[in-house]
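For reference, coords.cif is printed below; it contains mmCIF, C-alpha atoms.
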data_structure
#
loop_
_atom_site.label_atom_id
_atom_site.label_comp_id
_atom_site.auth_asym_id
_atom_site.auth_seq_id
_atom_site.Cartn_x
_atom_site.Cartn_y
_atom_site.Cartn_z
CA MET A 1 -34.10 -21.53 -25.60
CA LEU A 2 -33.05 -21.68 -21.96
CA LYS A 3 -36.64 -22.59 -20.98
CA ILE A 4 -37.12 -25.31 -23.57
CA GLY A 5 -36.79 -28.01 -20.91
CA GLU A 6 -39.70 -26.52 -18.99
CA LYS A 7 -41.73 -26.36 -22.21
CA ILE A 8 -40.99 -30.00 -23.04
CA LYS A 9 -42.06 -31.04 -19.55
CA GLU A 10 -45.25 -28.95 -19.80
CA LEU A 11 -46.18 -30.47 -23.18
CA ARG A 12 -45.30 -33.97 -22.05
CA LYS A 13 -47.41 -33.73 -18.88
CA ALA A 14 -50.34 -32.14 -20.73
CA GLN A 15 -50.36 -35.02 -23.23
CA ASP A 16 -49.78 -37.69 -20.58
CA VAL A 17 -46.50 -38.83 -22.14
CA THR A 18 -43.73 -40.48 -20.11
CA GLN A 19 -40.08 -39.55 -20.42
CA GLU A 20 -39.44 -43.09 -21.65
CA LYS A 21 -42.03 -42.80 -24.44
CA LEU A 22 -40.58 -39.51 -25.64
CA ALA A 23 -37.03 -40.88 -25.46
CA ASP A 24 -38.01 -43.93 -27.51
CA TYR A 25 -39.50 -41.71 -30.22
CA LEU A 26 -36.33 -39.62 -30.39
CA ASN A 27 -34.06 -42.67 -30.11
CA ILE A 28 -32.26 -41.28 -27.07
CA SER A 29 -32.09 -42.24 -23.37
CA TYR A 30 -34.80 -41.14 -20.96
CA GLN A 31 -31.99 -39.73 -18.79
CA ALA A 32 -31.34 -37.18 -21.56
CA VAL A 33 -34.97 -36.07 -21.44
CA SER A 34 -34.72 -35.80 -17.65
CA LYS A 35 -31.66 -33.56 -17.95
CA TRP A 36 -33.50 -31.25 -20.38
CA GLU A 37 -36.46 -30.90 -18.03
CA ASN A 38 -34.22 -30.23 -15.02
CA GLY A 39 -32.25 -27.58 -16.88
CA LEU A 40 -29.03 -29.59 -16.82
CA ALA A 41 -28.72 -29.87 -20.60
CA LEU A 42 -30.31 -28.66 -23.85
CA PRO A 43 -31.59 -30.85 -26.70
CA ASP A 44 -29.53 -30.93 -29.89
CA ILE A 45 -30.88 -28.40 -32.38
CA THR A 46 -31.41 -31.19 -34.92
CA LEU A 47 -34.03 -32.72 -32.58
CA LEU A 48 -36.23 -29.63 -32.50
CA PRO A 49 -38.33 -30.49 -35.61
CA LYS A 50 -38.93 -34.02 -34.31
CA LEU A 51 -39.88 -32.70 -30.87
CA ALA A 52 -42.30 -30.20 -32.42
CA ASN A 53 -43.85 -32.91 -34.62
CA PHE A 54 -44.21 -35.28 -31.67
CA PHE A 55 -46.19 -32.75 -29.61
CA GLY A 56 -48.08 -31.35 -32.58
CA VAL A 57 -46.79 -27.79 -32.14
CA SER A 58 -44.68 -25.39 -34.15
CA THR A 59 -40.99 -24.95 -33.36
CA ASP A 60 -41.83 -21.35 -32.39
CA GLU A 61 -44.23 -22.62 -29.75
CA LEU A 62 -41.73 -25.24 -28.63
CA LEU A 63 -39.13 -22.51 -28.14
CA ASP A 64 -41.75 -20.30 -26.48
CA LEU A 65 -41.00 -17.46 -28.90
CA LYS A 66 -44.58 -16.16 -28.45
CA ALA A 67 -44.53 -16.46 -24.67
CA SER A 68 -44.08 -12.76 -23.92
CA GLU A 69 -46.89 -11.81 -26.33
CA ASN A 70 -49.18 -14.39 -24.71
CA GLU A 71 -48.27 -13.21 -21.22
CA ILE A 72 -49.24 -9.64 -22.10
CA GLU A 73 -52.59 -10.83 -23.43
CA LEU A 74 -53.20 -13.02 -20.38
CA ARG A 75 -52.39 -10.13 -18.01
CA LYS A 76 -54.98 -8.03 -19.86
CA TYR A 77 -57.57 -10.78 -19.41
CA GLU A 78 -56.61 -11.19 -15.73
CA LYS A 79 -57.14 -7.47 -15.12
CA GLU A 80 -60.56 -7.67 -16.80
CA TYR A 81 -61.43 -10.75 -14.70
CA HIS A 82 -60.64 -8.96 -11.42
CA GLU A 83 -62.55 -5.84 -12.49
CA LEU A 84 -65.62 -7.98 -13.19
CA GLY A 85 -65.15 -9.62 -9.78
CA ARG A 86 -65.04 -6.23 -8.07
CA LYS A 87 -68.37 -5.34 -9.69
CA GLY A 88 -69.93 -8.69 -8.78
CA LYS A 89 -70.50 -9.66 -12.43
CA ILE A 90 -70.05 -13.41 -11.96
CA LEU A 91 -71.68 -14.60 -15.20
CA GLU A 92 -69.41 -12.23 -17.14
CA LYS A 93 -66.41 -13.69 -15.27
CA ILE A 94 -67.52 -17.16 -16.32
CA GLU A 95 -67.96 -16.06 -19.93
CA LEU A 96 -64.51 -14.43 -19.98
CA SER A 97 -62.91 -17.55 -18.50
CA ARG A 98 -64.47 -19.73 -21.18
CA LYS A 99 -63.20 -17.34 -23.84
CA VAL A 100 -59.64 -17.45 -22.50
CA LEU A 101 -59.70 -21.24 -22.23
CA ASP A 102 -60.78 -21.45 -25.86
CA LEU A 103 -57.55 -19.59 -26.68
CA TYR A 104 -55.38 -21.31 -24.07
CA PRO A 105 -57.02 -24.71 -23.39
CA ARG A 106 -54.21 -25.94 -21.11
CA ASN A 107 -53.96 -22.86 -18.92
CA TYR A 108 -54.60 -24.24 -15.45
CA GLN A 109 -54.88 -20.83 -13.81
CA TRP A 110 -57.82 -20.02 -16.08
CA MET A 111 -59.37 -23.42 -15.40
CA LEU A 112 -59.22 -22.38 -11.75
CA ASN A 113 -60.64 -18.92 -12.54
CA LEU A 114 -63.58 -20.57 -14.31
CA ALA A 115 -64.12 -22.99 -11.43
CA TYR A 116 -64.20 -20.13 -8.90
CA GLY A 117 -66.74 -18.27 -11.02
CA LEU A 118 -68.94 -21.34 -11.33
CA VAL A 119 -69.08 -22.09 -7.59
CA SER A 120 -69.44 -18.45 -6.50
CA TYR A 121 -72.55 -17.83 -8.60
CA GLY A 122 -75.32 -18.24 -6.05
CA ALA A 123 -75.89 -15.01 -4.12
CA THR A 124 -79.66 -15.18 -4.66
CA SER A 125 -82.21 -17.99 -4.89
CA GLU A 126 -82.59 -17.23 -8.60
CA GLN A 127 -78.84 -17.60 -9.13
CA GLN A 128 -78.79 -20.84 -7.17
CA LYS A 129 -81.57 -22.20 -9.39
CA TYR A 130 -79.69 -21.16 -12.54
CA ARG A 131 -76.47 -22.70 -11.21
CA LYS A 132 -78.24 -25.99 -10.53
CA GLU A 133 -79.96 -26.08 -13.92
CA HIS A 134 -76.68 -25.46 -15.75
CA LYS A 135 -74.68 -27.88 -13.55
CA PHE A 136 -72.12 -25.25 -12.55
CA VAL A 137 -70.91 -27.23 -9.53
CA GLU A 138 -70.41 -30.41 -11.55
CA GLU A 139 -68.41 -28.48 -14.16
CA ALA A 140 -66.26 -26.82 -11.47
CA ILE A 141 -65.52 -30.21 -9.90
CA SER A 142 -64.53 -31.63 -13.28
CA LEU A 143 -62.16 -28.69 -13.88
CA CYS A 144 -60.54 -29.07 -10.46
CA GLU A 145 -60.14 -32.82 -10.89
CA ARG A 146 -58.41 -32.20 -14.20
CA ILE A 147 -56.08 -29.70 -12.50
CA LEU A 148 -55.12 -32.31 -9.91
CA GLU A 149 -54.45 -34.86 -12.64
CA ASP A 150 -52.28 -32.69 -14.87
CA CYS A 151 -51.10 -29.49 -13.17
CA THR A 152 -47.78 -29.47 -11.30
CA VAL A 153 -48.03 -25.94 -9.80
CA ASP A 154 -48.73 -26.37 -6.08
CA SER A 155 -50.52 -23.05 -5.58
CA ILE A 156 -53.03 -23.87 -8.34
CA ARG A 157 -53.44 -27.45 -7.11
CA HIS A 158 -54.11 -26.26 -3.55
CA SER A 159 -56.79 -23.83 -4.73
CA ALA A 160 -58.42 -26.64 -6.71
CA ILE A 161 -58.38 -28.81 -3.58
CA GLN A 162 -60.08 -25.98 -1.68
CA ILE A 163 -62.94 -25.91 -4.17
CA LEU A 164 -63.27 -29.70 -4.14
CA CYS A 165 -63.37 -29.78 -0.33
CA TYR A 166 -66.20 -27.23 -0.38
CA GLU A 167 -68.16 -28.81 -3.22
CA TYR A 168 -67.62 -32.59 -2.89
CA PRO A 169 -69.92 -32.88 0.19
CA LYS A 170 -72.75 -31.32 -1.82
CA MET A 171 -72.34 -34.16 -4.34
CA ASN A 172 -72.31 -36.90 -1.67
CA LYS A 173 -68.51 -37.21 -1.82
CA LYS A 174 -67.74 -36.28 1.76
CA GLU A 175 -65.09 -38.98 2.23
CA ALA A 176 -63.20 -37.79 -0.85
CA ALA A 177 -63.26 -34.25 0.54
CA ILE A 178 -61.97 -35.43 3.91
CA LYS A 179 -59.08 -37.31 2.29
CA LEU A 180 -58.04 -34.25 0.29
CA ALA A 181 -58.25 -32.02 3.36
CA GLU A 182 -56.29 -34.39 5.60
CA ASP A 183 -53.44 -34.50 3.07
CA MET A 184 -53.04 -30.72 3.21
CA PRO A 185 -50.54 -29.03 5.58
CA ASN A 186 -51.85 -27.54 8.82
CA MET A 187 -52.06 -23.82 9.58
CA LEU A 188 -48.69 -23.70 11.34
CA ILE A 189 -46.80 -24.52 8.15
CA CYS A 190 -48.75 -22.38 5.70
CA LYS A 191 -47.00 -19.81 3.53
CA GLU A 192 -47.78 -16.88 5.82
CA MET A 193 -46.44 -18.55 8.95
CA LEU A 194 -43.28 -19.74 7.24
CA LEU A 195 -42.52 -16.30 5.80
CA SER A 196 -42.80 -14.75 9.26
CA HIS A 197 -39.93 -17.02 10.37
CA ILE A 198 -37.83 -16.29 7.27
CA TYR A 199 -38.07 -12.49 7.24
CA SER A 200 -36.39 -10.12 9.66
CA GLY A 201 -36.71 -6.44 10.54
CA THR A 202 -39.43 -4.42 8.76
CA GLU A 203 -40.18 -7.30 6.39
CA ARG A 204 -40.99 -9.56 9.32
CA LEU A 205 -43.14 -6.91 11.03
CA LYS A 206 -45.12 -6.38 7.83
CA GLN A 207 -45.66 -10.12 7.42
CA GLU A 208 -46.79 -10.56 11.03
CA GLN A 209 -49.20 -7.63 10.65
CA ASN A 210 -50.56 -9.22 7.50
CA ASN A 211 -51.01 -12.51 9.41
CA LEU A 212 -52.79 -10.64 12.20
CA ARG A 213 -55.10 -8.90 9.75
CA PHE A 214 -55.99 -12.23 8.14
CA MET A 215 -56.64 -13.84 11.52
CA LEU A 216 -58.85 -10.91 12.56
CA HIS A 217 -61.13 -11.42 9.55
CA PHE A 218 -60.91 -15.20 9.97
CA CYS A 219 -61.87 -15.16 13.67
CA SER A 220 -64.70 -12.66 13.28
CA SER A 221 -66.08 -14.68 10.35
CA ILE A 222 -66.07 -17.85 12.48
CA LEU A 223 -67.92 -16.03 15.27
CA TYR A 224 -70.52 -14.95 12.72
CA LEU A 225 -70.95 -18.53 11.53
CA MET A 226 -71.24 -19.82 15.11
CA ALA A 227 -74.02 -17.31 15.68
CA CYS A 228 -75.87 -17.83 12.40
CA ASP A 229 -75.09 -21.18 10.77
CA LYS A 230 -77.79 -23.77 11.54
CA ASP A 231 -75.17 -26.47 12.28
CA LEU A 232 -73.10 -24.31 14.61
CA ARG A 233 -75.74 -22.34 16.51
CA GLN A 234 -77.39 -25.44 17.99
CA GLY A 235 -78.12 -25.06 21.70
CA LEU A 236 -77.41 -21.31 21.75
CA THR A 237 -79.98 -18.84 23.02
CA VAL A 238 -80.78 -15.67 21.07
CA ASP A 239 -78.83 -13.63 23.66
CA GLN A 240 -75.79 -15.89 23.28
CA ARG A 241 -75.90 -15.53 19.50
CA ILE A 242 -76.10 -11.74 19.86
CA LYS A 243 -73.11 -11.84 22.20
CA MET A 244 -71.05 -13.74 19.61
CA LEU A 245 -71.84 -11.14 16.97
CA ASP A 246 -71.05 -8.32 19.42
CA THR A 247 -67.70 -9.98 20.11
CA ALA A 248 -66.94 -10.09 16.37
CA ILE A 249 -67.80 -6.40 16.07
CA ASN A 250 -65.68 -5.45 19.09
CA LEU A 251 -62.71 -7.40 17.73
CA ASN A 252 -62.81 -5.33 14.57
CA LYS A 253 -63.32 -2.06 16.43
CA THR A 254 -60.43 -2.81 18.79
CA MET A 255 -57.95 -3.75 16.08
CA LEU A 256 -59.09 -1.31 13.40
CA TYR A 257 -59.59 1.81 15.50
CA ASP A 258 -59.11 4.96 13.36
CA ASP A 259 -59.71 2.81 10.26
CA GLU A 260 -63.50 2.98 10.14
CA ASN A 261 -63.44 3.41 6.35
CA GLU A 262 -61.61 0.13 5.69
CA ASN A 263 -63.75 -1.81 3.24
CA LEU A 264 -63.68 -5.29 4.78
CA TYR A 265 -64.38 -3.71 8.19
CA ASN A 266 -67.57 -2.07 6.90
CA ASN A 267 -68.57 -5.05 4.79
CA GLN A 268 -68.42 -7.40 7.76
CA LEU A 269 -69.90 -5.01 10.33
CA SER A 270 -72.86 -4.07 8.13
CA LEU A 271 -73.76 -7.78 7.95
CA TYR A 272 -73.17 -8.36 11.69
CA TYR A 273 -75.40 -5.44 12.72
CA LEU A 274 -78.10 -6.65 10.31
CA MET A 275 -78.03 -10.14 11.84
CA ILE A 276 -78.18 -8.70 15.36
CA ALA A 277 -81.23 -6.70 14.28
CA LYS A 278 -82.89 -9.89 13.01
CA LEU A 279 -82.15 -11.62 16.31
CA TYR A 280 -83.71 -8.73 18.26
CA CYS A 281 -86.79 -9.23 16.07
CA GLN A 282 -87.16 -12.62 17.76
CA LYS A 283 -87.12 -10.82 21.13
CA ASN A 284 -89.64 -8.26 19.77
CA GLU A 285 -87.37 -5.41 20.92
CA SER A 286 -88.09 -2.80 18.26
CA ASN A 287 -85.72 -0.15 19.65
CA MET A 288 -82.74 -2.51 19.48
CA VAL A 289 -83.78 -3.63 16.00
CA ILE A 290 -83.81 -0.03 14.75
CA THR A 291 -80.53 0.81 16.53
CA ASN A 292 -78.68 -2.03 14.84
CA LEU A 293 -80.26 -1.40 11.44
CA LEU A 294 -79.05 2.19 11.60
CA LEU A 295 -75.53 0.96 12.41
CA SER A 296 -75.75 -1.47 9.50
CA GLU A 297 -76.84 1.40 7.25
CA LYS A 298 -73.89 3.55 8.37
CA CYS A 299 -71.39 0.78 7.57
CA ALA A 300 -73.05 0.08 4.21
CA ILE A 301 -72.83 3.75 3.22
CA ASN A 302 -69.17 3.90 4.29
CA TYR A 303 -68.40 0.78 2.25
CA ASP A 304 -70.13 2.07 -0.88
CA ASN A 305 -68.51 5.50 -0.60
CA VAL A 306 -64.94 4.13 -0.64
CA SER A 307 -65.46 1.62 -3.47
CA ASN A 308 -63.68 3.86 -5.98
CA LEU A 309 -60.75 4.89 -3.79
CA GLY A 310 -57.23 3.72 -4.51
CA GLU A 311 -54.69 2.27 -2.11
CA GLN A 312 -55.04 3.53 1.48
CA ASN A 313 -52.71 3.36 4.49
CA TYR A 314 -53.86 1.90 7.80
CA ASN A 315 -53.87 4.19 10.85
CA SER A 316 -54.06 1.43 13.48
CA ILE A 317 -50.73 0.56 15.09
CA TYR A 318 -51.58 -3.11 14.59
CA PHE A 319 -51.44 -2.70 10.80
CA SER A 320 -49.24 0.38 10.38
CA LYS A 321 -47.03 -1.19 7.68
CA LEU A 322 -49.97 -2.37 5.55
CA THR A 323 -52.35 -0.81 3.04
CA TRP A 324 -55.86 -1.65 1.91
CA ASN A 325 -57.42 -1.15 -1.49
CA PRO A 326 -61.17 -1.44 -2.24
CA GLN A 327 -60.25 -2.17 -5.87
CA ASN A 328 -58.92 -5.58 -4.75
CA ILE A 329 -62.19 -6.79 -3.23
CA SER A 330 -64.28 -9.29 -5.19
CA THR A 331 -67.96 -9.82 -4.51
CA ASN A 332 -70.59 -12.36 -5.53
CA SER A 333 -73.22 -9.66 -5.97
CA ASP A 334 -73.56 -6.88 -8.53
CA LYS A 335 -75.45 -4.73 -6.01
CA THR A 336 -74.12 -2.08 -3.65
CA LEU A 337 -74.15 -2.83 0.07
CA CYS A 338 -76.99 -0.34 0.54
CA GLU A 339 -78.99 -2.17 -2.12
CA GLU A 340 -78.31 -5.47 -0.33
CA LEU A 341 -79.47 -3.98 2.96
CA LEU A 342 -82.66 -2.64 1.36
CA LEU A 343 -83.45 -6.11 -0.01
CA ASN A 344 -82.91 -7.63 3.43
CA LEU A 345 -85.46 -5.26 4.95
CA ASN A 346 -88.12 -7.18 3.01
CA ASP A 347 -87.51 -10.12 5.35
CA ASN A 348 -90.67 -11.23 7.14
CA CYS A 349 -89.01 -10.75 10.52
CA PHE A 350 -89.29 -6.95 10.06
CA GLU A 351 -93.01 -7.09 9.33
CA PHE A 352 -93.89 -5.91 12.86
CA LEU A 353 -92.01 -2.63 12.14
CA LYS A 354 -93.99 -1.67 9.04
CA ASP A 355 -95.77 1.15 10.95
CA SER A 356 -92.57 2.43 12.58
CA LYS A 357 -91.61 5.93 11.39
CA GLU A 358 -87.91 5.23 11.94
CA PHE A 359 -88.12 2.04 9.91
CA GLN A 360 -89.91 3.79 7.03
CA LYS A 361 -87.37 6.64 7.12
CA LEU A 362 -84.58 4.10 6.85
CA ILE A 363 -86.21 2.44 3.85
CA ASN A 364 -86.73 5.79 2.13
CA ARG A 365 -83.11 6.86 2.76
CA LEU A 366 -81.81 3.60 1.33
CA LYS A 367 -84.09 3.95 -1.72
CA ASN A 368 -82.81 7.47 -2.32
CA ASN A 369 -79.23 6.34 -1.81
CA CYS A 370 -79.65 3.48 -4.28
CA SER A 371 -81.26 5.69 -6.94
CA ASN A 372 -78.43 8.26 -6.86
#
Using the file provided, produce a representation of the structure as structure tokens.
Amino acid sequence: MLKIGEKIKELRKAQDVTQEKLADYLNISYQAVSKWENGLALPDITLLPKLANFFGVSTDELLDLKASENEIELRKYEKEYHELGRKGKILEKIELSRKVLDLYPRNYQWMLNLAYGLVSYGATSEQQKYRKEHKFVEEAISLCERILEDCTVDSIRHSAIQILCYEYPKMNKKEAAIKLAEDMPNMLICKEMLLSHIYSGTERLKQEQNNLRFMLHFCSSILYLMACDKDLRQGLTVDQRIKMLDTAINLNKTMLYDDENENLYNNQLSLYYLMIAKLYCQKNESNMVITNLLLSEKCAINYDNVSNLGEQNYNSIYFSKLTWNPQNISTNSDKTLCEELLLNLNDNCFEFLKDSKEFQKLINRLKNNCSN
């Protein structure tokens, strides 16, 4: 009963009803409705049937008597959603999200879950074709726009804005994306930065280490994009692009020393070494190509081998208060990292190595690894 004001506000917003309209129906002042929603007063018990009838719900739902039961069910679905994400089963995530929204059509978190699934399905050219044919991006945009219209939870709204900023430009809505982005707070007043100023002692150290870990992955990812993205690599020589990727690798090695098994470390480095190998293909330096492919293989094997581990402590002094857990990593692919590397070796740039014994050994090892 103590949360009935929140429930009234939720129902009113979902049905696009003003406080004045509801007050008129109940023959009370809109200030009374405002007090209910702000937790300053409770509606008279005699008004409950009229409130339920107005919103088209039962009094049990109005009083949220089934809330705990629903929360348990939603937590079960959320766990299933994250497990599917860890295995890279994106279509199954989409199907699950649709199922949950059929049961809870006004659950904005699950609208967001569905939108994320829709925009993340595109790891291969076949997936991109399927996504286009089934208008996944258009559906995700529609879901996010609905969230911005109706949802009042900032964290969900901000995630919806993120998706719209990424997807609007693809639909020739660049100006709309810019406006949304410019209205967002800058990095200095994000949650992580603010918490680091609020906490003290061990709590503050842990938060700052978490910020540092995020910035490490953020900076190395930007270096990768500057070396590989067609918009950002303009004017760079092959050697300069290799240097950027080497810098990203060295950043990770410096900060994550003694943590060579950390999953994001191996995930990123396997990709960086692979891209360096492709760049050395342009220089026709077969020895450097093989060297970097072997390093990529090592990281891929390390990543795949820890995928079933539980929570792990960091050894690096930079992250000594933190843990990492491979179970928390979502992927857009249902393949192992070794399988992804094997697929990449079909790239035309490696054609000149087809007679190399080292290259063939690598392919055979990866095939054996993938079949086990």
Contacts of range 325-333 of chain A at 12 Å (all atoms listed in the file; same-chain gap of 3+ positions) as a PyMOL selection string: chain A and resi 79+81-93+116-124+127-128+261-267+302-314+322+336-340
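Closest to Met244 in chain A among A:Leu223, A:Val289, A:Ala300, A:Leu232 is A:Leu223, based on all atoms listed in the file.
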Range 25-36 of chain A: which residues within 10 Å, counting all atoms listed in the file, same-chain residues fewer than 3 positions away excluded, as a ChimeraX atom specification? /A:2-9,18-22,39-43,47,50-51,54
Centre and edge lengths, as JSON, for the axis-aligned box enclosing every listed atom of range 357-370 of chain A with 4 Å of padding on each of the six sides, in Å to one decimal?
{"center_x": -85.4, "center_y": 4.8, "center_z": 3.8, "size_x": 20.4, "size_y": 13.4, "size_z": 24.2}
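Counting only C-alpha atoms and comparing A:Ala248, A:Leu343, A:Cys151, A:Met275, the residue that lies closest to Ile222 in chain A is A:Ala248.
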Output the residue selection produced by the PyMOL selection byres ((chain A and resi 49) around 12) on the file above, formatted as a ChimeraX atom specification. /A:26,43-48,50-63
Would you write out, as a short mmCIF file (atom, residue, chain, number, x, y, z; two decimals) with C-alpha atoms, keeping the file's coordinate frame, every residue that the PyMOL selection byres ((chain A and resi 252) around 9) captures in this file?
data_model
loop_
_atom_site.label_atom_id
_atom_site.label_comp_id
_atom_site.auth_asym_id
_atom_site.auth_seq_id
_atom_site.Cartn_x
_atom_site.Cartn_y
_atom_site.Cartn_z
CA LEU A 216 -58.85 -10.91 12.56
CA HIS A 217 -61.13 -11.42 9.55
CA SER A 220 -64.70 -12.66 13.28
CA THR A 247 -67.70 -9.98 20.11
CA ALA A 248 -66.94 -10.09 16.37
CA ILE A 249 -67.80 -6.40 16.07
CA ASN A 250 -65.68 -5.45 19.09
CA LEU A 251 -62.71 -7.40 17.73
CA LYS A 253 -63.32 -2.06 16.43
CA THR A 254 -60.43 -2.81 18.79
CA MET A 255 -57.95 -3.75 16.08
CA LEU A 256 -59.09 -1.31 13.40
CA TYR A 257 -59.59 1.81 15.50
CA TYR A 265 -64.38 -3.71 8.19
CA LEU A 269 -69.90 -5.01 10.33
#
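The spacing separating CA of Glu138 in chain A from CA of Glu175 in chain A amounts to 17.1 Å.
Closest approach to Lys132 in chain A from the set A:Lys206, A:Lys13, A:Lys170, A:Arg241 is made by A:Lys170, with distances taken over all atoms listed in the file.
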For this file, the PyMOL selection byres ((chain A and resi 354-359) around 10) selects which residues, as a ChimeraX atom specification? /A:286-287,289-291,293-294,345,350-353,360-365
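Residue nearest Ile156 in chain A within the list A:Leu195, A:Leu112, A:Cys228, A:Leu341: A:Leu112 [criterion: smallest interatomic distance, all atoms listed in the file].
Coordinates place CA of Glu167 in chain A at a distance of 7.1 Å from CA of Val137 in chain A.
CA of Cys299 in chain A is found 27.9 Å from CA of Asp231 in chain A.
Taking all atoms listed in the file into account, the protein, DNA and RNA residues within 8 Å of (-74.8, -9.3, 20.4) read Asp239, Gln240, Arg241, Ile242, Lys243, Met244, Leu245, Asp246, Thr247 and Ile276 of chain A.
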Model the absent atoms of range 177-193 of chain A so that N, CA and C atoms are present, and write the result as a compact mmCIF listing (two decimals), in the frame of the given file.
# COMPACT_ATOMS: atom_id res chain seq x y z
N ALA A 177 -63.63 -35.58 0.06
CA ALA A 177 -63.26 -34.25 0.54
C ALA A 177 -62.38 -34.35 1.78
N ILE A 178 -62.75 -35.25 2.69
CA ILE A 178 -61.97 -35.43 3.91
C ILE A 178 -60.55 -35.88 3.59
N LYS A 179 -60.41 -36.82 2.65
CA LYS A 179 -59.08 -37.31 2.29
C LYS A 179 -58.20 -36.19 1.72
N LEU A 180 -58.80 -35.37 0.84
CA LEU A 180 -58.04 -34.25 0.29
C LEU A 180 -57.62 -33.28 1.38
N ALA A 181 -58.54 -32.98 2.29
CA ALA A 181 -58.25 -32.02 3.36
C ALA A 181 -57.18 -32.55 4.31
N GLU A 182 -57.25 -33.83 4.65
CA GLU A 182 -56.29 -34.39 5.60
C GLU A 182 -54.89 -34.47 5.03
N ASP A 183 -54.76 -34.47 3.70
CA ASP A 183 -53.44 -34.50 3.07
C ASP A 183 -52.80 -33.11 2.96
N MET A 184 -53.57 -32.08 3.28
CA MET A 184 -53.04 -30.72 3.21
C MET A 184 -52.26 -30.37 4.47
N PRO A 185 -51.29 -29.44 4.38
CA PRO A 185 -50.54 -29.03 5.58
C PRO A 185 -51.43 -28.28 6.55
N ASN A 186 -51.05 -28.28 7.85
CA ASN A 186 -51.85 -27.54 8.82
C ASN A 186 -51.48 -26.06 8.82
N MET A 187 -52.21 -25.27 9.60
CA MET A 187 -52.06 -23.82 9.58
C MET A 187 -50.67 -23.36 9.99
N LEU A 188 -49.99 -24.13 10.83
CA LEU A 188 -48.69 -23.70 11.34
C LEU A 188 -47.59 -23.75 10.29
N ILE A 189 -47.83 -24.47 9.19
CA ILE A 189 -46.80 -24.52 8.15
C ILE A 189 -47.32 -23.97 6.83
N CYS A 190 -48.28 -23.04 6.91
CA CYS A 190 -48.75 -22.38 5.70
C CYS A 190 -47.74 -21.32 5.27
N LYS A 191 -47.93 -20.79 4.09
CA LYS A 191 -47.00 -19.81 3.53
C LYS A 191 -46.79 -18.62 4.47
N GLU A 192 -47.88 -18.08 5.00
CA GLU A 192 -47.78 -16.88 5.82
C GLU A 192 -46.98 -17.11 7.09
N MET A 193 -47.18 -18.25 7.73
CA MET A 193 -46.44 -18.55 8.95
C MET A 193 -44.96 -18.78 8.66
